[in-house]
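Heads up: the structure comes next, in structure tokens.
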Amino acid sequence: MARIAGVNIPTNKRVHVALTYIYGIGPTSAKKICEKVGIGDGINYPRVNELTDDQLNVIRAEIDGKITVEGELRREVSMNIKRLMDMGCYKGLRHRKGLPVHGQRTSTNARTRKGPAKAIAGKKK
Amino acid sequence: MARSVWKGPYVHPSLLKKADAARSGGKNVIIRTYSRSSTILPSFVGLTFAVYNGQKFIPVLVTDTMIGHKFGEFAPTRNYYGHGADKKAKK
């Protein structure tokens, strides 16, 4: 069991994969962290349960002060969206209506934002 | 792609002139503009602009969170009142 940045307990995986279980760390930044603290050779990384406590602490220190992750990042994102909505700009209106924000078509598709398709009454054949 | 920094933010020259006049002159002057693509500058905070949306002028009171956005973002050009069927279903 290894706890990094609060509640995350990724183990049994290689370090650069395990770190991506943290919200806010993807493959790129995970590899950058490994490179910075000198774990792995850029191709092969040890598994989390093979790391010493010291190495884990170095990784923790690298993440804690320098990268916004987890709750803090989630708050930042939702604050940014809230700011857009309160301001009443176009992007905010799109967020409010649950429609795509970046100018995609909505005649068809856009199901990720709009949710499952709703049946239209009286539309058969 | 983002605009080059060396060019500075785009603001229509006549709009800039009107805003300067409004700030130095009396208050509660609504500045009418067609320039939806102009950037909102920090010096515009507190002024009211009437931004054209293709049909009429939408009043926009500039607050400090709006800095860096364009005027057009605050005057929607399309109005969607929903489908007839949707309205019936809600009632």
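Within each chain, counting starts at residue 1; across the structure tokens, chains are named A, B, ... in the order shown, with ligands numbered 1 upward in that order.
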
Handout entry: 12 Å contact set for region 19-26 of chain A, only C-alpha atoms, chain neighbours under 6 positions out, as a PyMOL selection string
Key = chain A and resi 2-13+32-34+45+47-48+56+59-60+62-64+66-77

Taking only residues of chain B that have an atom at most 7 Å from an atom of chain A, what is each one's shortest atom pair and its distance in Å to one decimal, using only C-alpha atoms, in chain and number order, as a tab-separated table?
residue	atom	partner	partner_atom	distance
B:Met66	CA	A:Met87	CA	7.0
B:Glu73	CA	A:Tyr90	CA	4.9
B:Phe74	CA	A:Cys89	CA	4.7
B:Pro76	CA	A:Tyr90	CA	6.8

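All residues of region 37-79 of chain B that DSSP, run on the backbone, classes as strand (DSSP E or B) are Thr39, Thr48, Phe49, Ala50, Val51, Tyr52, Phe57, Ile58, Pro59, Val60, Leu61 and Lys70 of chain B.
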
Practice task
Pull the helix (DSSP H, G or I) assignments for region 6-125 of chain A out of DSSP run on the backbone, and list those residues as a PyMOL selection string.
Solution key: chain A and resi 15-21+27-37+48-50+53-64+70-87+90-97+111-114

Problem - Residue with smallest distance to Val60 (chain B) - pool B:Arg78, B:Arg36, B:His83, B:His12, counting only C-alpha atoms - result: B:Arg36

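One distance worth recording is that between CA of Ser78 (chain A) and CA of Arg3 (chain B), which is 26.5 Å.
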
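Restricting the calculation to only C-alpha atoms, the smallest distance between Pro27 (chain A) and any of A:Arg111, A:Arg14, A:Arg96, A:Lys118 is found for A:Arg14.
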
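Closest approach to Gly40 (chain A) among A:Val15, A:Val58, A:Ile81, A:Leu99: A:Val15, based on only C-alpha atoms.
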
Handout entry: Residue neighbourhood Phe71 (chain B), 10 Å, only C-alpha atoms, exclusion window fewer than 3 positions, as a PyMOL selection string
Key = (chain A and resi 89) or (chain B and resi 11+33-40+49-52+60+62+66-68+74-75)

Deliver the residues from the most recent selection as a file, using C-alpha atoms, as an mmCIF file, in the first residue's frame.
data_model
loop_
_atom_site.group_PDB
_atom_site.id
_atom_site.type_symbol
_atom_site.label_atom_id
_atom_site.label_comp_id
_atom_site.auth_asym_id
_atom_site.auth_seq_id
_atom_site.Cartn_x
_atom_site.Cartn_y
_atom_site.Cartn_z
ATOM 1 C CA CYS A 89 -20.564 34.659 -21.749
ATOM 2 C CA VAL B 11 -9.821 46.758 -30.050
ATOM 3 C CA THR B 33 -20.825 49.107 -30.881
ATOM 4 C CA TYR B 34 -20.895 46.665 -33.752
ATOM 5 C CA SER B 35 -17.384 45.523 -32.951
ATOM 6 C CA ARG B 36 -18.076 42.142 -31.416
ATOM 7 C CA SER B 37 -14.519 40.976 -31.994
ATOM 8 C CA SER B 38 -12.958 43.696 -29.841
ATOM 9 C CA THR B 39 -11.217 42.551 -26.689
ATOM 10 C CA ILE B 40 -12.437 43.828 -23.324
ATOM 11 C CA PHE B 49 -21.591 48.739 -23.793
ATOM 12 C CA ALA B 50 -24.441 47.957 -26.119
ATOM 13 C CA VAL B 51 -23.192 45.125 -28.285
ATOM 14 C CA TYR B 52 -24.973 44.409 -31.546
ATOM 15 C CA VAL B 60 -23.274 44.528 -21.357
ATOM 16 C CA VAL B 62 -18.277 45.072 -17.989
ATOM 17 C CA MET B 66 -14.717 39.738 -18.329
ATOM 18 C CA ILE B 67 -11.277 41.153 -19.084
ATOM 19 C CA GLY B 68 -9.636 39.378 -21.994
ATOM 20 C CA PHE B 74 -21.811 38.440 -24.170
ATOM 21 C CA ALA B 75 -24.364 39.094 -26.904
#

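If you count only C-alpha atoms and ignore residues fewer than 4 places along the chain from Lys114 (chain A), what sits within 10 Å of it is Lys97, Gly98, Leu99, Pro100, Thr106, Asn109, Ala110 and Lys118 of chain A.
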